[in-house]
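Worksheet for the structure shown next.
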Amino acid sequence: MTSPRLKSDFVARAILRQAAQNGQSAMLLRKGDADAGSILVVLLERNGSAIVLSQTRTPEGEAAWLRSSGENPLSPAEISLYLERQTRFDPDLWVLELEAPEFKPPFNATLL
């Protein structure tokens, strides 16, 4: 059974709230479609490197996150280029940036 799909603005704001409650920096970089826009989460290390998570589903239909920027952390310039390409491809995209020591998501997330 698949989990219900929540509106994107609700999910994005919940992620930002949860990260901020843990005392970590959490910013909305780009607001996408409120109902059905995909969400990218930039997990930022203190040295400026980052990885990007994107929404996906498990084979069972449950909400999950995928490391869409690849295995290795990216530099700030590489992240900027990556986000630019993604937003050109999907103009409804949400982009969140969260402080994340060791790239551990500061919100409840199933990582694939």
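Each chain in the structure tokens gets a letter, A, B, ..., in the order shown, and its residues are numbered from 1; ligands are numbered from 1 in order too.
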
request  = List every residue of chain A that DSSP, applied to the backbone of this structure, assigns to helix (DSSP H, G or I), and report them as number ranges by chain.
outcome  = A: 8-21, 76-89, 101-103

Hey, which bits of stretch 75-112 of chain A sit within 8 Å of stretch 47-68 of chain A, and for each residue what's the closest pair of atoms and how far apart in Å (one decimal), counting only C-alpha atoms, rows by chain and increasing number, as a tab-separated table?
```
residue	atom	partner	partner_atom	distance
A:Ser75	CA	A:Ser49	CA	4.8
A:Pro76	CA	A:Ser49	CA	6.1
A:Ile79	CA	A:Ala50	CA	7.1
A:Phe103	CA	A:Ile51	CA	7.2
A:Ala109	CA	A:Ala64	CA	6.4
A:Thr110	CA	A:Ala64	CA	4.8
A:Leu111	CA	A:Trp65	CA	4.9
A:Leu112	CA	A:Leu66	CA	5.3
```

Residue selection dump (C-alpha atoms) as a PDB file, in the first residue's frame:
```pdb
ATOM      1  CA  SER A  75      31.593  22.156  -4.425  1.00  0.00           C
ATOM      2  CA  PRO A  76      29.427  25.283  -4.116  1.00  0.00           C
ATOM      3  CA  ILE A  79      25.876  22.668  -6.661  1.00  0.00           C
ATOM      4  CA  PHE A 103      25.363  14.941   5.264  1.00  0.00           C
ATOM      5  CA  ALA A 109      13.994  10.602   5.761  1.00  0.00           C
ATOM      6  CA  THR A 110      14.242   7.135   4.276  1.00  0.00           C
ATOM      7  CA  LEU A 111      17.374   7.195   2.122  1.00  0.00           C
ATOM      8  CA  LEU A 112      17.780   4.844  -0.826  1.00  0.00           C
TER       9      LEU A 112
END
```

Using only C-alpha atoms, what table do you get, as a Markdown table, when you list each residue of stretch 56-104 of chain A with an atom no more than 6 Å from stretch 32-45 of chain A, its nearest pair of atoms, and their distance in Å rounded to one decimal, rows by chain then rising number?
```
| residue | atom | partner | partner_atom | distance |
| --- | --- | --- | --- | --- |
| A:Asp92 | CA | A:Gly32 | CA | 4.4 |
| A:Leu93 | CA | A:Gly32 | CA | 4.6 |
| A:Trp94 | CA | A:Gly32 | CA | 4.4 |
| A:Val95 | CA | A:Leu40 | CA | 4.9 |
| A:Leu96 | CA | A:Val41 | CA | 4.8 |
| A:Glu97 | CA | A:Val42 | CA | 4.6 |
| A:Leu98 | CA | A:Leu43 | CA | 5.2 |
| A:Glu99 | CA | A:Leu44 | CA | 4.9 |
| A:Ala100 | CA | A:Leu43 | CA | 5.3 |
| A:Pro101 | CA | A:Glu45 | CA | 5.3 |
| A:Phe103 | CA | A:Leu43 | CA | 5.7 |
```

With N, CA and C atoms retained, write the just-selected residues as a PDB file, in the first residue's frame.
```
ATOM      1  N   ASP A  92       8.696  23.827 -11.796  1.00  0.00           N
ATOM      2  CA  ASP A  92       7.852  23.728 -10.603  1.00  0.00           C
ATOM      3  C   ASP A  92       8.614  23.236  -9.376  1.00  0.00           C
ATOM      4  N   LEU A  93       9.911  23.124  -9.480  1.00  0.00           N
ATOM      5  CA  LEU A  93      10.774  22.526  -8.466  1.00  0.00           C
ATOM      6  C   LEU A  93      10.952  23.408  -7.232  1.00  0.00           C
ATOM      7  N   TRP A  94      10.908  22.772  -6.068  1.00  0.00           N
ATOM      8  CA  TRP A  94      11.251  23.414  -4.801  1.00  0.00           C
ATOM      9  C   TRP A  94      12.706  23.095  -4.503  1.00  0.00           C
ATOM     10  N   VAL A  95      13.445  24.043  -3.908  1.00  0.00           N
ATOM     11  CA  VAL A  95      14.822  23.791  -3.494  1.00  0.00           C
ATOM     12  C   VAL A  95      14.978  24.283  -2.054  1.00  0.00           C
ATOM     13  N   LEU A  96      15.376  23.359  -1.184  1.00  0.00           N
ATOM     14  CA  LEU A  96      15.618  23.665   0.225  1.00  0.00           C
ATOM     15  C   LEU A  96      17.103  23.462   0.505  1.00  0.00           C
ATOM     16  N   GLU A  97      17.654  24.285   1.389  1.00  0.00           N
ATOM     17  CA  GLU A  97      19.050  24.110   1.789  1.00  0.00           C
ATOM     18  C   GLU A  97      19.100  23.949   3.304  1.00  0.00           C
ATOM     19  N   LEU A  98      19.705  22.848   3.745  1.00  0.00           N
ATOM     20  CA  LEU A  98      19.760  22.537   5.165  1.00  0.00           C
ATOM     21  C   LEU A  98      21.191  22.287   5.603  1.00  0.00           C
ATOM     22  N   GLU A  99      21.554  22.842   6.745  1.00  0.00           N
ATOM     23  CA  GLU A  99      22.841  22.524   7.338  1.00  0.00           C
ATOM     24  C   GLU A  99      22.778  21.070   7.798  1.00  0.00           C
ATOM     25  N   ALA A 100      23.780  20.275   7.392  1.00  0.00           N
ATOM     26  CA  ALA A 100      23.726  18.843   7.683  1.00  0.00           C
ATOM     27  C   ALA A 100      25.126  18.283   7.896  1.00  0.00           C
ATOM     28  N   PRO A 101      25.637  18.352   9.135  1.00  0.00           N
ATOM     29  CA  PRO A 101      26.952  17.756   9.408  1.00  0.00           C
ATOM     30  C   PRO A 101      26.973  16.292   8.981  1.00  0.00           C
ATOM     31  N   PHE A 103      26.436  15.145   6.237  1.00  0.00           N
ATOM     32  CA  PHE A 103      25.363  14.941   5.264  1.00  0.00           C
ATOM     33  C   PHE A 103      24.205  14.100   5.803  1.00  0.00           C
TER      34      PHE A 103
END
```

Within chain A, find each residue whose DSSP state, derived from the backbone, is strand (DSSP E or B), and express the selection as an mmCIF file with C-alpha atoms, in the first residue's frame.
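That gives us part_21.cif:
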```cif
data_model
loop_
_atom_site.group_PDB
_atom_site.id
_atom_site.type_symbol
_atom_site.label_atom_id
_atom_site.label_comp_id
_atom_site.auth_asym_id
_atom_site.auth_seq_id
_atom_site.Cartn_x
_atom_site.Cartn_y
_atom_site.Cartn_z
ATOM 1 C CA ALA A 26 17.240 25.739 7.055
ATOM 2 C CA MET A 27 16.366 27.932 4.082
ATOM 3 C CA LEU A 28 13.914 27.919 1.238
ATOM 4 C CA LEU A 29 15.988 28.730 -1.872
ATOM 5 C CA ARG A 30 13.241 28.271 -4.446
ATOM 6 C CA ILE A 39 11.488 18.874 -3.906
ATOM 7 C CA LEU A 40 15.286 18.935 -3.898
ATOM 8 C CA VAL A 41 17.087 19.163 -0.558
ATOM 9 C CA VAL A 42 20.653 20.467 -0.505
ATOM 10 C CA LEU A 43 22.491 19.049 2.511
ATOM 11 C CA LEU A 44 25.289 21.494 3.250
ATOM 12 C CA ALA A 50 27.040 19.582 -0.402
ATOM 13 C CA ILE A 51 24.931 16.739 -1.724
ATOM 14 C CA VAL A 52 21.443 16.916 -3.169
ATOM 15 C CA LEU A 53 18.551 14.647 -2.249
ATOM 16 C CA SER A 54 15.500 14.256 -4.459
ATOM 17 C CA GLN A 55 12.112 12.764 -3.697
ATOM 18 C CA THR A 56 11.353 9.243 -4.845
ATOM 19 C CA ARG A 57 9.272 6.222 -3.823
ATOM 20 C CA ALA A 63 8.058 8.204 0.334
ATOM 21 C CA ALA A 64 11.869 8.158 0.239
ATOM 22 C CA TRP A 65 14.888 10.234 -0.782
ATOM 23 C CA LEU A 66 17.632 9.522 -3.309
ATOM 24 C CA ARG A 67 21.117 11.042 -3.427
ATOM 25 C CA LEU A 74 29.947 18.748 -4.754
ATOM 26 C CA TRP A 94 11.251 23.414 -4.801
ATOM 27 C CA VAL A 95 14.822 23.791 -3.494
ATOM 28 C CA LEU A 96 15.618 23.665 0.225
ATOM 29 C CA GLU A 97 19.050 24.110 1.789
ATOM 30 C CA LEU A 98 19.760 22.537 5.165
ATOM 31 C CA GLU A 99 22.841 22.524 7.338
ATOM 32 C CA LEU A 111 17.374 7.195 2.122
#
```

Test item: residues at most 12 Å from A:Gln18, only C-alpha atoms, excluding those fewer than 4 positions along its chain, as a ChimeraX atom specification = /A:11-14,22-27,98-99,105-109

Limited to C-alpha atoms, could you put the picked residues into a file as a PDB file, in the first residue's frame?
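Result written to again-v2.pdb:
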```pdb
ATOM      1  CA  VAL A  11       6.197  18.752   2.841  1.00  0.00           C
ATOM      2  CA  ALA A  12       8.709  21.547   2.205  1.00  0.00           C
ATOM      3  CA  ARG A  13       7.569  23.603   5.193  1.00  0.00           C
ATOM      4  CA  ALA A  14       7.593  20.506   7.434  1.00  0.00           C
ATOM      5  CA  ASN A  22      17.140  20.848  15.697  1.00  0.00           C
ATOM      6  CA  GLY A  23      18.958  24.207  15.707  1.00  0.00           C
ATOM      7  CA  GLN A  24      20.322  23.848  12.190  1.00  0.00           C
ATOM      8  CA  SER A  25      20.153  26.416   9.419  1.00  0.00           C
ATOM      9  CA  ALA A  26      17.240  25.739   7.055  1.00  0.00           C
ATOM     10  CA  MET A  27      16.366  27.932   4.082  1.00  0.00           C
ATOM     11  CA  LEU A  98      19.760  22.537   5.165  1.00  0.00           C
ATOM     12  CA  GLU A  99      22.841  22.524   7.338  1.00  0.00           C
ATOM     13  CA  PRO A 105      19.392  14.767   6.898  1.00  0.00           C
ATOM     14  CA  PRO A 106      18.024  16.850   9.806  1.00  0.00           C
ATOM     15  CA  PHE A 107      14.511  15.560   9.082  1.00  0.00           C
ATOM     16  CA  ASN A 108      12.836  12.160   9.018  1.00  0.00           C
ATOM     17  CA  ALA A 109      13.994  10.602   5.761  1.00  0.00           C
TER      18      ALA A 109
END
```
